[in-house]
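What follows is one structure encoded as structure tokens, with my remarks underneath.
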Amino acid sequence: MSLVCAISNEVPEHPCVSPVSNQVFERRLIEKYIAENGADPINGQPLSEEQLIDIKVSHPIRPKAPSATSIPAILKSLQDEWDAVMLHSFTLRQQLQTTRQELSHALYQHDAACRVIARLTKEVTAAREALATLKPQAGLVVPQAAPASQPAVGAGGEPMEVSEQVGMTAEIIQKLQDKATVLTTERKKRGKTVPEELVRAEDLGKYRQVASHVGLHSASVPGILCLDLCPSDTNKVLTGGADKNVVVFDRREEQIVATLKGHSKKVTSVIYHPSQSVVFSASPDTTIRVWSVTGGNCVQVVRAHEASVTGLSLHATGDYLLSSSEDQYWAFSDIQTGRVLTKVTDEAAGCALTCAQFHPDGLIFGTGTADSQIKIWDLKERTNVANFPGHSGPVTAIAFSENGYYLATGAQDSSLKLWDLRKLKNFKTIALDNNYEVKSLVFDQSGTYLAVGGSDIRVYICKQWSEVLNFGDHSGLVTGVAFGEHAQFLSSTGMDRSLKFYSL
């Protein structure tokens with residue numbers, strides 16, 4: 001049943017009923033009539049708008065006008081319906097695209113959150129490993145570190161500081177002297193003869209990269225900062241990285257032997273013990289650590305300095321370490337006990353030390369300073385016996401030749417200087433490229449070749465001091481170079497996180 005307005009005789013859009021006449025009206029029309037007449041249009045009795053009662057019905061379907069029943073009108077109606085459908089479809093597609101973008105963004109955020117969670121989990125694991133490493137160390141660096149003549153525990157029962165100096169005893173000095181005498185005698189026996197197995201200069205000039213390894217250290221903090229080879233087996237490689245780890249790598253097997261974790265900052269110096277399965281590392285975290293390669297753990301912590309440790313060198317006896325630091329001191333420590341035997345600074349200079357290296361005899365050593373000086377020290381007397389000025393900028397690397405006659409030094413002045421220790425003078429300066437950074441200097445075991453690492457890798461033949469080799473394979477700064485046995489291969493590390501080997 002359809003309702004019909006009593007005034008218009010059409011289906012009302014908003015029907016209402018008059019309680020006076022009980023007739024149905026279109027509200028719009030009845031309101032106008034009431035406004036003009038104030039009475040019901042059917043029986044003329046008084047009526048107001050407030051008396052009208054709305055009728056709630058479903059949306060009425062108005063009959064089409066006769067003009068809308070023609071074919072053109074029907075086609076137009078269909079066209080209007082089609083346009084409406086297309087507009088609705090377009091709106092839905094837009095909404096779909098927006099929803100897809102929102103979903104993509106949500107998935108990206110979820111992936112980023114997963115990555116953050118994974119990184120935090122890795123850091124937590126690393127922190128737990130570091131804590132596990134530190135726990136046993138707490139008991140290693142105290143009681144056995146004290147000499148017999150000195151109690152290991154104070155009056156209050158507290159462990160003594162590891163960095164306490166115990167002095168250079170007559171026994172230690174005699175041990176150093178005896179070793180120096182043996183080394184000098186052996187050197188004289190060898191004389192000037194060159195080992196037959198040593199690679200000749202013409203063959204060395206043909207060296208090319210034969211291997212490159214980039215997975216030793218973390219990619220999140222890229223850079224290998226230092227390198228050393230085991231003197232007794234140069235296939236054992238030791239590296240220190242910006243990721244705070246020390247890595248032992250087997251060149252022949254091409255695999256990592258041990259990853260040693262414990263430093264709280266980057267590792268800037270490493271040394272491989274020549275006869276024991278022990279390695280040493282130094283860091284800006286002010287500590288020097290002694291590691292067992294077989295055990296894969298830290299067995300001793302030497303706290304010789306109060307600032308970044310910048311240089312490390314092992315004495316020929318294999319029992320003592322020389323270290324230099326930004327705290328302006330050099331220290332001589334016992335690796336077995338972790339005790340600092342002596343600690344000295346040049347109060348007149350008052351400058352940070354940047355590197356340190358023992359002379360092959362072990363009775364003197366050299367240090368580089370931040371104000372471009374090279375200082376030679378007498379270990380027994382703990383005195384500065386010679387100074388070599390000439391560089392400009394901090395000294396970055398020093399190296400003694402195997403025969404003990406020459407000292408090679410590099411600094412931030414893009415030059416390489418060679419000093420005669422017998423005449424105490426500079427006899428050769430090799431000018432490098434502009435802005436060349438010298439980061440590593442090393443003589444081979446026979447003292448025939450000198451390798452320089454920095455902006456690239458260069459090898460010079462001693463005495464002629466001519467360049468026989470130049471490599472630019474690293475994409476970053478070269479931080480370490482080292483010769484294999486009889487110079488049968490050359491190894492290098494760099495800020496590009498790679499360990500490279502060069503040979504025929």
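Naming scheme: A, B, ... for chains in displayed order of the structure tokens; residues 1 onward per chain; ligands 1 onward as shown.
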If you run DSSP over the backbone, which residues in segment 274-462 of chain A end up strand (DSSP E or B)? Put them as a JSON list (two decimals) with C-alpha atoms, in the first residue's frame.
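Contents of the output file states06.json:
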```
[["chain", "number", "residue", "atom", "x", "y", "z"],
["A", 278, "VAL", "CA", 99.35, -16.95, 23.10],
["A", 279, "VAL", "CA", 98.49, -13.59, 21.53],
["A", 280, "PHE", "CA", 98.42, -10.03, 22.85],
["A", 281, "SER", "CA", 96.16, -7.09, 22.07],
["A", 282, "ALA", "CA", 95.88, -3.44, 23.06],
["A", 288, "ILE", "CA", 96.42, -4.89, 27.29],
["A", 289, "ARG", "CA", 95.04, -8.42, 27.12],
["A", 290, "VAL", "CA", 96.83, -11.75, 26.98],
["A", 291, "TRP", "CA", 94.81, -14.45, 25.21],
["A", 292, "SER", "CA", 95.05, -18.21, 24.97],
["A", 297, "ASN", "CA", 89.82, -16.92, 26.38],
["A", 298, "CYS", "CA", 91.62, -14.02, 28.08],
["A", 299, "VAL", "CA", 94.16, -15.27, 30.62],
["A", 300, "GLN", "CA", 95.62, -11.96, 31.75],
["A", 301, "VAL", "CA", 94.76, -8.26, 31.75],
["A", 302, "VAL", "CA", 97.59, -5.75, 32.06],
["A", 309, "VAL", "CA", 97.25, 2.19, 24.52],
["A", 310, "THR", "CA", 98.84, 3.20, 21.20],
["A", 311, "GLY", "CA", 101.74, 0.75, 20.74],
["A", 312, "LEU", "CA", 102.72, -2.78, 21.69],
["A", 313, "SER", "CA", 105.96, -4.73, 21.26],
["A", 314, "LEU", "CA", 107.09, -8.13, 22.59],
["A", 320, "TYR", "CA", 107.83, -9.04, 28.64],
["A", 321, "LEU", "CA", 105.70, -6.47, 26.83],
["A", 322, "LEU", "CA", 106.51, -2.89, 25.95],
["A", 323, "SER", "CA", 103.53, -0.55, 25.61],
["A", 324, "SER", "CA", 103.04, 3.12, 24.84],
["A", 325, "SER", "CA", 100.06, 5.31, 25.56],
["A", 329, "TYR", "CA", 104.12, 6.92, 29.51],
["A", 330, "TRP", "CA", 105.78, 3.81, 28.19],
["A", 331, "ALA", "CA", 105.49, 0.68, 30.33],
["A", 332, "PHE", "CA", 107.45, -2.58, 30.62],
["A", 333, "SER", "CA", 105.25, -5.42, 31.91],
["A", 334, "ASP", "CA", 105.55, -9.09, 32.83],
["A", 340, "VAL", "CA", 103.98, -3.46, 35.41],
["A", 341, "LEU", "CA", 107.73, -3.65, 36.11],
["A", 342, "THR", "CA", 108.48, -0.05, 35.22],
["A", 343, "LYS", "CA", 106.66, 2.94, 33.79],
["A", 344, "VAL", "CA", 108.46, 6.03, 32.48],
["A", 345, "THR", "CA", 107.62, 9.36, 30.85],
["A", 353, "LEU", "CA", 103.24, 8.51, 22.67],
["A", 354, "THR", "CA", 101.88, 7.13, 19.39],
["A", 355, "CYS", "CA", 103.87, 3.90, 18.83],
["A", 356, "ALA", "CA", 106.62, 1.72, 20.34],
["A", 357, "GLN", "CA", 108.98, -0.95, 19.03],
["A", 358, "PHE", "CA", 111.81, -3.03, 20.55],
["A", 364, "ILE", "CA", 116.89, -0.42, 23.57],
["A", 365, "PHE", "CA", 113.61, 0.54, 21.97],
["A", 366, "GLY", "CA", 112.02, 3.39, 20.09],
["A", 367, "THR", "CA", 108.86, 5.40, 20.65],
["A", 368, "GLY", "CA", 107.05, 7.87, 18.41],
["A", 369, "THR", "CA", 105.33, 10.96, 19.76],
["A", 374, "ILE", "CA", 111.32, 9.68, 17.62],
["A", 375, "LYS", "CA", 112.90, 8.81, 20.97],
["A", 376, "ILE", "CA", 115.36, 5.98, 21.64],
["A", 377, "TRP", "CA", 115.37, 4.60, 25.18],
["A", 378, "ASP", "CA", 117.78, 2.43, 27.20],
["A", 383, "THR", "CA", 116.57, 6.78, 30.14],
["A", 384, "ASN", "CA", 116.14, 8.59, 26.84],
["A", 385, "VAL", "CA", 119.48, 8.15, 25.03],
["A", 386, "ALA", "CA", 118.74, 9.67, 21.60],
["A", 387, "ASN", "CA", 116.16, 11.78, 19.76],
["A", 388, "PHE", "CA", 115.48, 11.88, 16.03],
["A", 395, "VAL", "CA", 104.70, 9.69, 14.18],
["A", 396, "THR", "CA", 102.44, 6.82, 13.04],
["A", 397, "ALA", "CA", 104.83, 3.84, 12.66],
["A", 398, "ILE", "CA", 108.41, 2.77, 13.42],
["A", 399, "ALA", "CA", 110.35, -0.41, 12.59],
["A", 400, "PHE", "CA", 113.88, -1.65, 13.33],
["A", 406, "TYR", "CA", 118.49, 0.92, 10.72],
["A", 407, "LEU", "CA", 115.27, 2.45, 11.96],
["A", 408, "ALA", "CA", 112.42, 3.25, 9.57],
["A", 409, "THR", "CA", 109.82, 5.82, 10.62],
["A", 410, "GLY", "CA", 106.64, 7.23, 9.12],
["A", 411, "ALA", "CA", 104.50, 10.21, 10.13],
["A", 415, "SER", "CA", 107.33, 10.80, 4.08],
["A", 416, "LEU", "CA", 109.36, 7.79, 5.12],
["A", 417, "LYS", "CA", 112.65, 8.41, 6.96],
["A", 418, "LEU", "CA", 115.51, 5.98, 7.52],
["A", 419, "TRP", "CA", 117.94, 6.48, 10.39],
["A", 420, "ASP", "CA", 121.41, 5.02, 11.01],
["A", 425, "LYS", "CA", 121.41, 10.49, 11.84],
["A", 426, "ASN", "CA", 118.88, 10.43, 9.03],
["A", 427, "PHE", "CA", 120.55, 9.05, 5.90],
["A", 428, "LYS", "CA", 117.52, 8.67, 3.60],
["A", 429, "THR", "CA", 114.11, 10.32, 3.21],
["A", 430, "ILE", "CA", 111.60, 8.82, 0.80],
["A", 431, "ALA", "CA", 108.96, 11.35, -0.23],
["A", 438, "VAL", "CA", 101.72, 5.82, 6.60],
["A", 439, "LYS", "CA", 99.97, 3.35, 8.95],
["A", 440, "SER", "CA", 102.33, 0.36, 9.04],
["A", 441, "LEU", "CA", 106.06, -0.33, 8.55],
["A", 442, "VAL", "CA", 107.73, -3.73, 8.65],
["A", 443, "PHE", "CA", 111.06, -5.27, 7.59],
["A", 449, "TYR", "CA", 112.86, -5.69, 2.24],
["A", 450, "LEU", "CA", 110.81, -2.94, 3.84],
["A", 451, "ALA", "CA", 107.02, -2.84, 3.39],
["A", 452, "VAL", "CA", 104.93, 0.29, 3.85],
["A", 453, "GLY", "CA", 101.16, 0.21, 4.37],
["A", 454, "GLY", "CA", 98.87, 3.22, 4.23],
["A", 457, "ILE", "CA", 101.15, -0.95, -0.20],
["A", 458, "ARG", "CA", 104.76, -0.40, -1.25],
["A", 459, "VAL", "CA", 107.80, -2.63, -0.86],
["A", 460, "TYR", "CA", 111.36, -1.26, -0.98],
["A", 461, "ILE", "CA", 114.62, -3.17, -1.25]]
```
Using DSSP assignments from the backbone, pull out every residue in segment 151-357 of chain A that falls under alpha helix (DSSP H) and give it to me as a PyMOL selection string. chain A and resi 170-190+201-204
Excluding Arg27 of chain A and any residue of its chain fewer than 6 positions from it, enumerate the residues within 7 Å of it, using only C-alpha atoms, and give them as a short mmCIF file (atom, residue, chain, number, x, y, z; two decimals) with C-alpha atoms, in the first residue's frame.
```cif
data_model
loop_
_atom_site.label_atom_id
_atom_site.label_comp_id
_atom_site.auth_asym_id
_atom_site.auth_seq_id
_atom_site.Cartn_x
_atom_site.Cartn_y
_atom_site.Cartn_z
CA HIS A 14 8.10 12.98 4.11
CA PRO A 15 4.56 11.83 4.96
CA CYS A 16 2.71 13.05 8.01
#
```
Name the residues in contact with Lys192 of chain A at a cut-off of 9 Å, using only C-alpha atoms, excluding same-chain residues fewer than 4 positions from it; report them as a PDB file with N, CA and C atoms, in the first residue's frame.
```pdb
ATOM      1  N   ARG A 187     123.568 -13.010  15.350  1.00  0.00           N
ATOM      2  CA  ARG A 187     123.568 -12.091  14.217  1.00  0.00           C
ATOM      3  C   ARG A 187     124.961 -12.033  13.573  1.00  0.00           C
ATOM      4  N   LYS A 188     125.972 -12.041  14.409  1.00  0.00           N
ATOM      5  CA  LYS A 188     127.348 -12.000  13.875  1.00  0.00           C
ATOM      6  C   LYS A 188     127.660 -13.265  13.097  1.00  0.00           C
ATOM      7  N   ASN A 403     119.076  -6.455  11.287  1.00  0.00           N
ATOM      8  CA  ASN A 403     120.478  -6.364  11.724  1.00  0.00           C
ATOM      9  C   ASN A 403     120.686  -5.329  12.828  1.00  0.00           C
TER      10      ASN A 403
END
```
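Residues in contact with Glu202 of chain A at up to 12 Å, not including ones fewer than 6 positions away on its chain and judged by only C-alpha atoms, are Ile461, Glu467, Val468, Leu469 and Leu504 of chain A.
Here the question is which of A:Glu81, A:Asp361, A:Glu197, A:Asp40 gets nearest to Lys179 of chain A using only C-alpha atoms, and that residue is A:Asp361.
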Which residues come within 6 Å of segment 261-277 of chain A, counting only C-alpha atoms, excluding same-chain residues fewer than 2 positions away, as a list in words? Ala130, Leu225, Cys226, Asp228, Cys230, Pro231, Ser232, Gly240, Gly241, Ala242, Asp243, Lys244, Asn245, Val279, Phe280, Ser281, Ala282, Ser283, Asp285 and Val293 of chain A
For the residues selected in the previous step, produce a file with C-alpha atoms as a CSV table (one decimal), in the first residue's frame.
```
chain,number,residue,atom,x,y,z
A,130,ALA,CA,82.0,-10.3,27.5
A,225,LEU,CA,93.1,-2.0,12.4
A,226,CYS,CA,96.2,-4.1,13.0
A,228,ASP,CA,100.6,-9.7,12.9
A,230,CYS,CA,103.3,-15.8,14.1
A,231,PRO,CA,107.1,-15.6,13.7
A,232,SER,CA,107.5,-19.4,14.0
A,240,GLY,CA,92.4,-6.7,15.5
A,241,GLY,CA,89.3,-4.9,14.4
A,242,ALA,CA,87.1,-1.9,15.0
A,243,ASP,CA,84.5,-4.4,16.1
A,244,LYS,CA,86.5,-4.9,19.4
A,245,ASN,CA,87.4,-8.5,18.5
A,279,VAL,CA,98.5,-13.6,21.5
A,280,PHE,CA,98.4,-10.0,22.8
A,281,SER,CA,96.2,-7.1,22.1
A,282,ALA,CA,95.9,-3.4,23.1
A,283,SER,CA,93.0,-1.0,22.9
A,285,ASP,CA,90.0,1.0,26.5
A,293,VAL,CA,94.5,-19.3,21.4
```
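For the residues A:Gln177, A:Val124, A:Ile335, A:Glu254, ranking by smallest atom-to-atom distance to Gly362 of chain A using only C-alpha atoms places A:Gln177 first.
Residues in contact with Pro12 of chain A at 8 Å, where only C-alpha atoms are counted and same-chain residues fewer than 5 positions away are skipped, are listed as A:Leu3, A:Val4, A:Cys5, A:Phe25, A:Glu26, A:Arg27, A:Pro60.
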What would the file look like if the residues just selected were written as a short mmCIF file (atom, residue, chain, number, x, y, z; two decimals), in the first residue's frame with N, CA and C atoms?
```cif
data_model
loop_
_atom_site.label_atom_id
_atom_site.label_comp_id
_atom_site.auth_asym_id
_atom_site.auth_seq_id
_atom_site.Cartn_x
_atom_site.Cartn_y
_atom_site.Cartn_z
N LEU A 3 1.11 5.50 0.24
CA LEU A 3 0.45 6.69 0.78
C LEU A 3 0.40 7.77 -0.29
N VAL A 4 -0.68 8.54 -0.28
CA VAL A 4 -0.83 9.62 -1.27
C VAL A 4 -1.18 10.89 -0.52
N CYS A 5 -0.51 11.97 -0.88
CA CYS A 5 -0.75 13.26 -0.25
C CYS A 5 -2.14 13.76 -0.68
N PHE A 25 -0.52 13.92 4.40
CA PHE A 25 -0.03 15.08 3.64
C PHE A 25 1.49 14.97 3.46
N GLU A 26 1.97 15.64 2.41
CA GLU A 26 3.43 15.90 2.27
C GLU A 26 3.75 17.00 3.27
N ARG A 27 4.71 16.77 4.18
CA ARG A 27 4.98 17.73 5.25
C ARG A 27 5.31 19.11 4.68
N PRO A 60 10.16 5.75 -0.14
CA PRO A 60 9.13 5.50 -1.18
C PRO A 60 9.74 5.50 -2.57
#
```
What does the distance from atom CA of Val11 of chain A to atom CA of Leu75 of chain A come to in Å, to one decimal? 25.2 Å
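Pairwise distance (atom CA of Gln373 of chain A, atom CA of His391 of chain A) equals 7.0 Å.
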Once you count only C-alpha atoms, what closest atom pair and distance in Å to one decimal does each residue of segment 23-94 of chain A within 12 Å of segment 99-114 of chain A have, with rows by chain and rising residue number, as a tab-separated table?
```
residue	atom	partner	partner_atom	distance
A:Leu92	CA	A:Thr99	CA	10.4
A:Arg93	CA	A:Thr99	CA	9.7
A:Gln94	CA	A:Thr99	CA	8.6
```
Per residue of segment 204-248 of chain A within 10 Å of segment 477-492 of chain A, record the nearest atom pair and its distance in Å to one decimal, counting only C-alpha atoms, with rows in chain order and ascending residue number, as a Markdown table.
```
| residue | atom | partner | partner_atom | distance |
| --- | --- | --- | --- | --- |
| A:Leu204 | CA | A:Ala487 | CA | 8.1 |
| A:Tyr207 | CA | A:Phe489 | CA | 8.1 |
| A:Arg208 | CA | A:Leu490 | CA | 9.5 |
| A:Gln209 | CA | A:Leu490 | CA | 9.1 |
| A:Val210 | CA | A:Phe489 | CA | 9.5 |
| A:Ala211 | CA | A:Ser491 | CA | 9.5 |
| A:Ser212 | CA | A:Ser492 | CA | 9.5 |
| A:Gly223 | CA | A:Thr479 | CA | 8.8 |
| A:Ile224 | CA | A:Thr479 | CA | 7.1 |
| A:Leu225 | CA | A:Thr479 | CA | 5.4 |
| A:Cys226 | CA | A:Gly480 | CA | 5.2 |
| A:Leu227 | CA | A:Gly480 | CA | 5.1 |
| A:Asp228 | CA | A:Ala482 | CA | 6.6 |
| A:Leu229 | CA | A:Ala482 | CA | 6.9 |
| A:Cys230 | CA | A:Gly484 | CA | 9.2 |
| A:Pro231 | CA | A:Glu485 | CA | 7.9 |
| A:Ser232 | CA | A:Glu485 | CA | 8.6 |
| A:Asp233 | CA | A:Glu485 | CA | 7.7 |
| A:Thr234 | CA | A:Gly484 | CA | 5.3 |
| A:Asn235 | CA | A:Gly484 | CA | 7.4 |
| A:Lys236 | CA | A:Gly484 | CA | 9.8 |
| A:Val237 | CA | A:Ser491 | CA | 8.9 |
| A:Thr239 | CA | A:Gly480 | CA | 8.9 |
```
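Across the model, the gap from atom CA of Gly447 of chain A to atom CA of Pro195 of chain A is 10.6 Å.
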